[in-house]
$ cat entry_4.txt   # compact mmCIF, C-alpha atoms
# COMPACT_ATOMS: atom_id res chain seq x y z
CA MET A 1 46.49 -23.37 77.24
CA GLY A 2 48.40 -22.94 80.48
CA LEU A 3 51.80 -21.61 81.50
CA ASN A 4 55.17 -21.87 79.81
CA ILE A 5 56.88 -25.14 80.79
CA THR A 6 60.00 -26.87 79.52
CA ASN A 7 61.94 -29.91 80.64
CA ASN A 8 63.48 -28.19 83.67
CA HIS A 9 61.30 -25.31 84.80
CA LYS A 10 57.98 -23.53 84.63
CA THR A 11 57.50 -19.76 84.28
CA TYR A 12 54.56 -17.42 84.76
CA GLU A 13 54.05 -16.76 81.05
CA PRO A 14 50.94 -17.69 79.07
CA ALA A 15 51.66 -20.59 76.72
CA LYS A 16 50.92 -19.84 73.07
CA TYR A 17 52.40 -22.85 71.33
CA ALA A 18 52.87 -26.59 71.80
CA LEU A 19 56.16 -28.36 71.11
CA VAL A 20 55.35 -31.95 70.14
CA LEU A 21 57.73 -34.91 69.85
CA MET A 22 56.65 -37.84 67.70
CA LEU A 23 58.11 -41.21 66.69
CA SER A 24 57.85 -42.32 63.06
CA GLY A 25 58.86 -45.53 61.32
CA ILE A 26 61.34 -45.71 58.45
CA ASN A 27 60.02 -48.77 56.63
CA VAL A 28 56.58 -48.79 58.24
CA ASN A 29 53.90 -46.13 57.95
CA TRP A 30 53.59 -45.62 61.72
CA LYS A 31 53.54 -42.49 63.90
CA GLN A 32 53.14 -42.05 67.65
CA PRO A 33 53.21 -38.76 69.64
CA ILE A 34 55.27 -39.32 72.79
CA ALA A 35 55.56 -35.92 74.50
CA TYR A 36 54.44 -32.28 74.34
CA PHE A 37 55.50 -29.05 76.05
CA LEU A 38 53.46 -25.85 76.26
CA VAL A 39 55.67 -22.83 75.57
CA SER A 40 55.18 -19.08 75.40
CA SER A 41 57.43 -18.71 72.34
CA SER A 42 60.06 -20.75 70.54
CA CYS A 43 62.27 -22.79 72.87
CA THR A 44 65.80 -21.67 73.64
CA GLY A 45 68.63 -23.84 72.38
CA TYR A 46 69.43 -25.02 75.90
CA ASP A 47 65.85 -26.03 76.67
CA LEU A 48 65.46 -27.76 73.32
CA ARG A 49 68.73 -29.63 73.82
CA ASP A 50 67.63 -30.91 77.24
CA ILE A 51 64.22 -31.97 75.94
CA ILE A 52 65.68 -33.87 72.98
CA ILE A 53 68.51 -35.56 74.87
CA SER A 54 66.29 -36.69 77.74
CA THR A 55 63.69 -37.99 75.27
CA ILE A 56 66.25 -39.96 73.26
CA ILE A 57 67.69 -41.48 76.46
CA LYS A 58 64.24 -42.67 77.51
CA ILE A 59 63.50 -44.09 74.07
CA GLN A 60 66.82 -45.93 73.92
CA SER A 61 65.93 -47.67 77.17
CA THR A 62 63.29 -49.50 75.13
CA SER A 63 63.85 -51.73 72.09
CA LEU A 64 63.42 -48.83 69.66
CA ASP A 65 66.42 -47.80 67.54
CA ILE A 66 66.72 -44.04 66.85
CA LYS A 67 68.21 -43.32 63.42
CA ALA A 68 67.57 -39.58 62.96
CA PHE A 69 65.89 -36.57 64.48
CA ILE A 70 63.66 -34.51 62.18
CA THR A 71 62.65 -30.91 62.75
CA ASP A 72 61.25 -27.98 60.79
CA MET A 73 63.24 -24.95 59.62
CA GLY A 74 63.38 -23.23 63.00
CA SER A 75 66.66 -21.66 64.08
CA ASN A 76 67.01 -23.99 67.09
CA PHE A 77 67.43 -27.25 65.20
CA VAL A 78 69.59 -29.87 66.88
CA VAL A 79 70.00 -32.83 64.55
CA TYR A 80 69.66 -32.43 60.94
CA ILE A 81 66.87 -33.13 58.60
CA PHE A 82 64.54 -30.37 57.50
CA ASP A 83 60.91 -31.24 56.95
CA PRO A 84 60.48 -31.47 53.12
CA PRO A 85 56.98 -29.87 53.15
CA HIS A 86 58.41 -26.88 55.07
CA LEU A 87 61.25 -26.64 52.56
CA LEU A 88 58.85 -26.81 49.62
CA LYS A 89 56.61 -24.09 51.06
CA ALA A 90 59.61 -21.88 51.85
CA THR A 91 60.96 -22.33 48.31
CA ARG A 92 57.59 -21.42 46.80
CA ASN A 93 57.19 -18.37 49.06
CA MET A 94 60.64 -17.01 48.23
CA PHE A 95 60.18 -17.73 44.52
CA PHE A 96 56.92 -15.78 44.50
CA GLN A 97 58.45 -12.82 46.36
CA HIS A 98 61.89 -12.54 44.74
CA LYS A 99 63.85 -13.14 41.55
CA PHE A 100 65.69 -16.44 41.09
CA LYS A 101 68.73 -16.59 38.82
CA PHE A 102 70.64 -19.68 37.76
CA ASN A 103 73.49 -19.71 35.23
CA GLU A 104 72.65 -16.12 34.28
CA ASP A 105 69.07 -17.13 33.38
CA LEU A 106 66.11 -15.71 35.28
CA ILE A 107 63.43 -18.05 36.60
CA GLU A 108 60.36 -15.84 36.73
CA LYS A 109 56.89 -16.25 38.19
CA LYS A 110 55.38 -14.11 35.43
CA TYR A 111 55.24 -17.11 33.08
CA LEU A 112 53.24 -19.08 35.63
CA MET A 113 50.88 -16.11 35.96
CA SER A 114 50.58 -15.78 32.18
CA PHE A 115 49.80 -19.48 31.80
CA TYR A 116 47.21 -19.32 34.55
CA ASN A 117 45.55 -16.18 33.17
CA GLN A 118 45.31 -17.68 29.68
CA GLY A 119 43.96 -21.01 30.84
CA SER A 120 41.76 -20.10 33.79
CA THR A 121 38.80 -19.16 31.58
CA CYS A 122 38.94 -22.34 29.47
CA ASN A 123 36.32 -24.99 29.98
CA LEU A 124 38.94 -27.73 29.55
CA ARG A 125 42.10 -26.85 31.45
CA LEU A 126 45.51 -28.48 31.22
CA ALA A 127 46.13 -27.94 34.97
CA PRO A 128 42.64 -28.01 36.53
CA LYS A 129 43.97 -28.10 40.11
CA LEU A 130 45.79 -24.78 39.63
CA THR A 131 43.57 -22.10 41.19
CA TYR A 132 43.80 -18.49 42.32
CA PRO A 133 45.20 -19.41 45.79
CA HIS A 134 48.01 -21.31 44.08
CA ILE A 135 49.14 -18.17 42.26
CA TYR A 136 48.19 -15.52 44.83
CA PRO A 137 48.17 -17.26 48.24
CA ASN A 138 47.23 -15.24 51.32
CA ALA A 139 49.03 -15.60 54.66
CA PHE A 140 47.00 -18.67 55.65
CA GLN A 141 47.23 -20.33 52.23
CA LYS A 142 51.02 -19.98 52.24
CA MET A 143 51.01 -22.55 55.05
CA ARG A 144 49.17 -25.18 53.00
CA VAL A 145 51.57 -27.82 51.69
CA TYR A 146 49.30 -29.05 48.92
CA LEU A 147 49.21 -25.62 47.28
CA ALA A 148 52.99 -25.58 47.00
CA ALA A 149 53.17 -29.23 45.88
CA GLN A 150 50.52 -28.75 43.20
CA THR A 151 52.33 -25.66 41.92
CA PHE A 152 55.78 -27.29 41.78
CA SER A 153 54.37 -30.27 39.89
CA ALA A 154 55.09 -32.20 36.71
CA THR A 155 51.54 -31.47 35.53
CA VAL A 156 52.00 -27.69 35.73
CA ALA A 157 55.43 -27.99 34.08
CA ALA A 158 53.94 -30.08 31.24
CA SER A 159 51.09 -27.58 30.86
CA ILE A 160 53.43 -24.58 30.59
CA GLU A 161 55.64 -26.54 28.17
CA THR A 162 52.58 -27.21 26.01
CA TYR A 163 51.84 -23.47 25.89
CA LEU A 164 55.47 -22.83 24.99
CA GLU A 165 55.35 -25.29 22.09
CA LEU A 166 52.10 -23.67 20.91
CA ASN A 167 53.87 -20.25 20.89
CA LYS A 168 51.66 -18.89 23.64
CA LEU A 169 54.67 -18.22 25.91
CA SER A 170 58.18 -17.01 25.11
CA ILE A 171 61.25 -19.25 25.06
CA SER A 172 62.33 -17.72 28.39
CA SER A 173 59.56 -19.71 30.07
CA LYS A 174 61.76 -22.80 29.60
CA GLN A 175 63.55 -21.87 32.82
CA ILE A 176 60.44 -22.12 35.00
CA ILE A 177 59.46 -25.36 33.24
CA ASN A 178 62.79 -26.97 34.14
CA PHE A 179 62.65 -25.53 37.66
CA PHE A 180 59.18 -26.98 38.31
CA LYS A 181 60.15 -30.38 36.87
CA ASP A 182 63.24 -30.60 39.05
CA MET A 183 61.45 -29.44 42.21
CA ASP A 184 58.75 -32.05 41.57
CA LYS A 185 61.37 -34.81 41.29
CA LEU A 186 63.24 -33.58 44.37
CA PHE A 187 60.09 -33.52 46.51
CA ASP A 188 59.15 -36.98 45.21
CA ILE A 189 62.51 -38.36 46.39
CA PHE A 190 61.88 -37.04 49.91
CA ASN A 191 58.22 -38.05 49.79
CA SER A 192 58.62 -41.57 48.43
CA TYR A 193 56.06 -44.36 48.73
CA LYS A 194 56.71 -47.99 49.54
CA ARG A 195 54.00 -49.15 47.15
CA PRO A 196 54.84 -49.21 43.41
CA ASN A 197 54.42 -45.85 41.73
CA VAL A 198 54.41 -44.87 38.08
CA LYS A 199 56.62 -41.87 38.88
CA ASP A 200 60.22 -43.09 39.03
CA PHE A 201 61.33 -40.56 41.64
CA ASN A 202 58.36 -41.26 43.90
CA ARG A 203 59.38 -44.86 44.40
CA PRO A 204 61.27 -45.96 47.55
CA PHE A 205 64.70 -44.37 47.74
CA LYS A 206 67.34 -46.95 46.80
CA ASN A 207 70.05 -44.62 45.52
CA THR A 208 69.40 -45.58 41.90
CA GLN A 209 71.34 -43.76 39.23
CA PRO A 210 68.45 -41.39 38.32
CA GLN A 211 67.85 -40.60 42.01
CA LYS A 212 71.57 -40.09 42.67
CA SER A 213 72.06 -37.93 39.58
CA HIS A 214 69.09 -35.73 40.37
CA LEU A 215 70.22 -35.13 43.94
CA LEU A 216 73.63 -34.07 42.60
CA PHE A 217 71.98 -31.80 40.05
CA MET A 218 69.89 -30.12 42.72
CA GLU A 219 72.92 -29.67 44.98
CA GLN A 220 74.58 -27.80 42.15
CA PHE A 221 71.44 -25.81 41.49
CA PHE A 222 70.99 -24.60 45.08
CA THR A 223 74.73 -23.98 45.46
CA ASN A 224 74.79 -21.68 42.42
CA LEU A 225 71.32 -20.17 42.79
CA LYS A 226 71.17 -16.39 43.17
CA VAL A 227 68.22 -14.53 44.71
CA PHE A 228 67.47 -10.83 44.27
CA ASP A 229 64.77 -8.64 45.78
CA LYS A 230 62.64 -6.15 43.81
CA ASN A 231 65.48 -3.61 44.02
CA ASN A 232 67.92 -6.14 42.50
CA LYS A 233 69.77 -6.48 45.81
CA ASP A 234 71.45 -9.83 46.41
CA ILE A 235 69.65 -11.45 49.38
CA ILE A 236 71.04 -14.96 49.11
CA ASN A 237 72.25 -14.91 52.73
CA ARG A 238 68.65 -14.57 53.93
CA MET A 239 67.44 -17.67 52.06
CA LYS A 240 67.18 -20.38 54.73
CA PHE A 241 65.53 -22.82 52.34
CA ILE A 242 68.74 -23.13 50.28
CA LYS A 243 70.79 -24.31 53.23
CA GLY A 244 67.91 -26.55 54.25
CA TRP A 245 67.84 -28.34 50.90
CA LEU A 246 71.63 -28.66 50.74
CA VAL A 247 71.82 -30.13 54.25
CA SER A 248 68.94 -32.51 53.54
CA ILE A 249 70.24 -33.69 50.16
CA ALA A 250 73.77 -34.24 51.41
CA GLY A 251 72.51 -36.00 54.51
CA LEU A 252 70.26 -38.33 52.56
CA ASN A 253 73.22 -39.44 50.45
CA LEU A 254 75.36 -40.08 53.53
CA ARG A 255 72.55 -41.81 55.42
CA TRP A 256 72.07 -44.16 52.48
CA THR A 257 75.70 -45.20 52.82
CA ILE A 258 75.16 -45.93 56.51
CA LEU A 259 71.86 -47.76 56.06
CA LYS A 260 72.36 -49.26 52.60
CA ASN A 261 71.26 -52.71 53.80
CA PHE A 262 67.72 -51.45 54.26
CA ASP A 263 65.33 -52.08 51.37
CA ASP A 264 63.34 -48.86 51.64
CA ILE A 265 64.96 -45.74 53.02
CA LEU A 266 63.17 -42.51 53.77
CA SER A 267 64.71 -39.11 54.43
CA GLU A 268 67.14 -39.01 57.37
CA ILE A 269 69.83 -36.40 57.93
CA PRO A 270 73.09 -36.54 59.97
CA ASP A 271 75.13 -33.64 61.33
CA PRO A 272 75.95 -31.29 58.40
CA SER A 273 79.27 -30.29 60.02
CA ASN A 274 80.59 -33.72 59.04
CA LYS A 275 83.60 -33.35 56.70
CA GLU A 276 82.14 -35.95 54.33
CA ILE A 277 79.18 -33.64 53.68
CA GLN A 278 81.26 -30.48 53.37
CA ASN A 279 83.56 -32.05 50.77
CA ILE A 280 80.82 -33.28 48.43
CA MET A 281 81.85 -32.57 44.84
CA PHE A 282 79.22 -31.15 42.50
CA PRO A 283 79.15 -32.18 38.82
CA GLU A 284 79.75 -29.62 36.11
CA LYS A 285 76.72 -30.74 34.15
CA SER A 286 73.80 -28.34 34.38
CA PRO A 287 70.42 -29.77 35.46
CA PHE A 288 68.74 -27.53 32.88
CA LYS A 289 69.22 -28.80 29.33
CA PHE A 290 66.95 -27.73 26.51
CA LYS A 291 65.48 -30.37 24.27
CA THR A 292 65.91 -30.29 20.52
CA PRO A 293 62.80 -28.94 18.75
CA LEU A 294 59.99 -31.49 18.68
CA PRO A 295 58.83 -32.78 15.27
CA VAL A 296 55.22 -31.71 15.68
CA GLY A 297 52.66 -32.42 12.99
CA SER A 298 49.44 -30.60 12.15
CA VAL A 299 45.99 -31.34 13.52
CA ASP A 300 43.49 -33.18 11.37
CA SER A 301 40.98 -30.53 10.31
CA THR A 302 38.07 -32.89 10.93
CA VAL A 303 38.94 -33.28 14.61
CA TYR A 304 38.28 -30.73 17.38
CA ARG A 305 37.41 -28.12 14.75
CA ASP A 306 35.77 -25.81 17.31
CA LEU A 307 38.42 -26.09 20.05
CA THR A 308 41.57 -24.09 20.65
CA LEU A 309 44.85 -25.98 20.77
CA PRO A 310 45.10 -25.84 24.60
CA ASP A 311 41.53 -27.19 24.81
CA GLN A 312 42.41 -29.94 22.33
CA ASN A 313 45.33 -30.99 24.52
CA SER A 314 43.08 -31.09 27.59
CA LEU A 315 40.46 -33.14 25.77
CA THR A 316 42.93 -35.72 24.47
CA TYR A 317 44.39 -36.25 27.95
CA VAL A 318 40.95 -36.57 29.61
CA SER A 319 39.76 -38.90 26.85
CA GLY A 320 42.77 -41.15 27.36
CA TYR A 321 42.03 -41.29 31.09
CA LEU A 322 38.40 -42.24 30.44
CA LEU A 323 39.44 -44.99 28.05
CA LYS A 324 41.91 -46.29 30.65
CA LYS A 325 38.99 -46.62 33.12
CA CYS A 326 37.04 -48.49 30.45
CA LEU A 327 39.92 -50.94 29.99
CA GLU A 328 39.78 -51.72 33.71
CA LYS A 329 36.30 -53.18 33.09
CA HIS A 330 36.95 -54.82 29.74
CA SER A 331 40.12 -55.33 27.74
CA CYS A 332 41.05 -57.36 24.70
CA ASP A 333 43.67 -57.05 21.99
CA VAL A 334 41.33 -54.99 19.81
CA CYS A 335 40.57 -52.58 22.67
CA ILE A 336 44.23 -52.22 23.67
CA ASN A 337 45.31 -51.53 20.10
CA TYR A 338 42.51 -48.98 19.80
CA ALA A 339 43.64 -47.31 23.03
CA LYS A 340 47.24 -47.09 21.76
CA PHE A 341 46.29 -46.01 18.22
CA GLN A 342 48.17 -42.68 18.15
CA GLN A 343 51.88 -42.94 17.43
CA ASP A 344 52.73 -39.59 15.86
CA LEU A 345 53.12 -36.36 17.77
CA TYR A 346 50.55 -33.70 16.87
CA LYS A 347 49.94 -30.33 18.43
CA SER A 348 46.77 -31.60 20.08
CA PHE A 349 48.78 -34.34 21.84
CA LEU A 350 51.66 -32.22 23.20
CA PHE A 351 50.43 -32.19 26.80
CA SER A 352 50.10 -35.99 26.90
CA HIS A 353 53.63 -36.27 25.52
CA PHE A 354 55.07 -33.95 28.17
CA LYS A 355 52.91 -35.43 30.93
CA ALA A 356 53.93 -39.07 30.35
CA TYR A 357 56.05 -40.23 33.30
CA THR A 358 57.41 -43.48 31.87
CA LYS A 359 58.55 -43.34 28.29
CA LYS A 360 59.63 -46.64 26.82
CA GLU A 361 62.01 -46.79 23.90
CA ASN A 362 60.41 -45.32 20.78
CA SER A 363 57.31 -44.46 22.79
CA THR A 364 55.92 -40.96 22.37
CA TYR A 365 53.30 -41.16 25.10
CA GLY A 366 54.68 -43.65 27.63
CA ASN A 367 51.88 -45.53 29.39
CA LEU A 368 49.15 -43.01 28.55
CA MET A 369 46.15 -44.08 26.48
CA MET A 370 46.03 -42.33 23.09
CA PRO A 371 43.02 -43.73 21.21
CA HIS A 372 41.65 -43.11 17.71
CA ASN A 373 40.38 -39.65 16.73
CA ASP A 374 36.74 -40.77 16.70
CA PHE A 375 36.91 -41.45 20.45
CA TYR A 376 37.99 -37.86 21.12
CA ASN A 377 35.09 -36.63 19.01
CA TYR A 378 32.73 -38.89 20.95
CA ILE A 379 33.93 -37.52 24.32
CA HIS A 380 33.77 -33.98 22.96
CA ASN A 381 30.14 -34.52 21.93
CA LEU A 382 29.32 -35.97 25.35
CA GLU A 383 30.76 -32.92 27.03
CA PHE A 384 28.88 -30.59 24.68
CA VAL A 385 25.59 -32.28 25.54
CA PHE A 386 26.32 -32.18 29.26
CA ILE A 387 27.29 -28.50 29.34
CA HIS A 388 24.37 -27.26 27.25
CA ARG A 389 21.57 -29.60 28.31
CA PHE A 390 22.25 -30.72 31.86
CA PRO A 391 21.32 -27.33 33.44
CA ILE A 392 17.93 -27.64 31.73
CA LEU A 393 17.40 -31.29 32.68
CA ALA A 394 18.72 -31.01 36.25
CA PRO A 395 15.30 -30.16 37.83
CA GLU A 396 13.76 -33.33 36.29
CA ILE A 397 12.94 -36.21 38.64
CA GLU A 398 14.64 -38.86 36.53
CA VAL A 399 17.46 -36.70 35.30
CA ASP A 400 19.68 -39.65 34.33
CA SER A 401 17.18 -41.20 31.93
CA GLU A 402 16.24 -37.80 30.52
CA PHE A 403 19.88 -37.00 29.95
CA PHE A 404 20.67 -40.27 28.16
CA GLN A 405 17.75 -39.73 25.82
CA GLN A 406 19.55 -36.62 24.61
CA LEU A 407 22.57 -38.67 23.51
CA ASN A 408 21.30 -39.40 20.04
CA PHE A 409 24.61 -39.31 18.18
$ encode --input "entry_4.txt" --output "structure tokens"
Amino acid sequence: MGLNITNNHKTYEPAKYALVLMLSGINVNWKQPIAYFLVSSSCTGYDLRDIIISTIIKIQSTSLDIKAFITDMGSNFVVYIFDPPHLLKATRNMFFQHKFKFNEDLIEKKYLMSFYNQGSTCNLRLAPKLTYPHIYPNAFQKMRVYLAAQTFSATVAASIETYLELNKLSISSKQIINFFKDMDKLFDIFNSYKRPNVKDFNRPFKNTQPQKSHLLFMEQFFTNLKVFDKNNKDIINRMKFIKGWLVSIAGLNLRWTILKNFDDILSEIPDPSNKEIQNIMFPEKSPFKFKTPLPVGSVDSTVYRDLTLPDQNSLTYVSGYLLKKCLEKHSCDVCINYAKFQQDLYKSFLFSHFKAYTKKENSTYGNLMMPHNDFYNYIHNLEFVFIHRFPILAPEIEVDSEFFQQLNF
């Protein structure tokens, strides 16, 4: 790559890394690399300071307005926002390696492993994106953001909650369910989209009451979180991700105050030594509150008679998705009423209930499609034909026509 070079000098050391500076828009999805430096190792604080200051001075000589400087979780940060994907990966890595404890309750990975082991062999899975690398990532896979994001997701939380309600996991798994839900919301706030989104927390940050409350909840969570190693030794002082989240959350709140006239605000962090950040008051309310027991009915014996309850939940969710795609091609009052037929909560619909992002008043399933039982049976029969007959028909020249001839129900 060349020799080590910084803003002021060049040394006879082989460069192993590249330090890159990039501009990014706040309200516009725009990025532009503006400078890079080849370095032998991480930059010293002095070199990094000179690089950043000289770069900002040059940028300010143009019409661009610098609002924040974003960096990863390195020890030589200068101005203060931590990259949310780095924070999410660091949180996942520490959670997988150590024991988390909040309000005297353990948040344990073993329930994620138990859920995965029970569901990985099912044909219909509640969390189909959850794979072996998500649970047991190697050194390279620990660097992949999507693996951490798909693990700390509302879908995985809803899936584990479904297993809990079906008595396949103990009540202690409620802690990891709440943890995953809250991490999903927190990452959504820092990873918001300008376009409309069905997930409330993934919409542009406007300091709404739900967004504000959740940030306060997570401040309290990280402030009171305890971390222990396998020998039960308190290692909280080694957990950089906790400080990273606290700095980022507090800074986002303060930056909103400064830039509240903007319509869409993304994550920007000021100096955490500011007294306004240090004196933030945390609410006494815990972010983890258990629901009252759900009034769950029994499954009609004529429906899904050969499927386990987790498989039934997977099938109902997939069937609702398929019907939603059908309504995009054709919709009428009869079709819409058919798609919203289910009103009661049965054990085979638990996952759809937990998965629903937007729940209107008196709505059990939010915006999800929950059609009549005969549609689920129809989709189940289609899947049965595909699984058992497609491998035989695949070598045929006109496999599509051969396959449809088999659909004689």
$ residues_around --input "entry_4.txt" --residues "Phe341 of chain A" --least-positions-apart "2" --cutoff "10 Å" --atoms "all atoms listed in the file" --output "CSV table (one decimal) with C-alpha atoms, keeping the file's coordinate frame"
chain,number,residue,atom,x,y,z
A,335,CYS,CA,40.6,-52.6,22.7
A,336,ILE,CA,44.2,-52.2,23.7
A,337,ASN,CA,45.3,-51.5,20.1
A,338,TYR,CA,42.5,-49.0,19.8
A,339,ALA,CA,43.6,-47.3,23.0
A,343,GLN,CA,51.9,-42.9,17.4
A,344,ASP,CA,52.7,-39.6,15.9
A,369,MET,CA,46.2,-44.1,26.5
A,370,MET,CA,46.0,-42.3,23.1
A,371,PRO,CA,43.0,-43.7,21.2
A,372,HIS,CA,41.6,-43.1,17.7
A,373,ASN,CA,40.4,-39.6,16.7
$ atom_distance --input "entry_4.txt" --atom1 "atom CA of Lys109 of chain A" --atom2 "atom CA of Phe96 of chain A"
6.3 Å
$ closest_residue --input "entry_4.txt" --among "A:Tyr163, A:Phe228, A:Tyr146, A:Tyr111" --to "Asp311 of chain A" --atoms "only C-alpha atoms"
A:Tyr163
$ residues_around --input "entry_4.txt" --residues "segment 139-144 of chain A" --least-positions-apart "6" --cutoff "9 Å" --atoms "only C-alpha atoms" --output "MDAnalysis selection string"
chainID A and resid 86 89:90 92:93 133
$ closest_residue --input "entry_4.txt" --among "A:Ile177, A:Val247, A:Ala18, A:Ile56" --to "Asp83 of chain A" --atoms "all atoms listed in the file"
A:Val247
$ atom_distance --input "entry_4.txt" --atom1 "atom CA of Met239 of chain A" --atom2 "atom CA of Lys101 of chain A"
13.3 Å
$ atom_distance --input "entry_4.txt" --atom1 "atom CA of Thr162 of chain A" --atom2 "atom CA of Pro310 of chain A"
7.7 Å
$ closest_residue --input "entry_4.txt" --among "A:Leu307, A:Leu126, A:Ala148, A:Ile189" --to "Asn253 of chain A" --atoms "all atoms listed in the file"
A:Ile189
$ residues_near_point --input "entry_4.txt" --point "(19.6, -38.8, 24.5)" --cutoff "12 Å" --atoms "all atoms listed in the file" --output "MDAnalysis selection string"
chainID A and resid 381:382 385:386 389:390 393 399:409
$ residues_around --input "entry_4.txt" --residues "Glu13 of chain A" --least-positions-apart "2" --cutoff "7 Å" --atoms "only C-alpha atoms" --output "list in words"
Leu3, Asn4, Thr11, Ala15 and Ser40 of chain A
$ closest_residue --input "entry_4.txt" --among "A:Asp188, A:Asp182, A:Glu161, A:Glu398" --to "Phe221 of chain A" --atoms "only C-alpha atoms"
A:Asp182
$ closest_residue --input "entry_4.txt" --among "A:Ser173, A:Ser54, A:Asn207, A:Ser352" --to "Asn367 of chain A" --atoms "all atoms listed in the file"
A:Ser352
$ closest_residue --input "entry_4.txt" --among "A:Lys99, A:Ile57, A:Gly25, A:Ala394" --to "Asn231 of chain A" --atoms "all atoms listed in the file"
A:Lys99
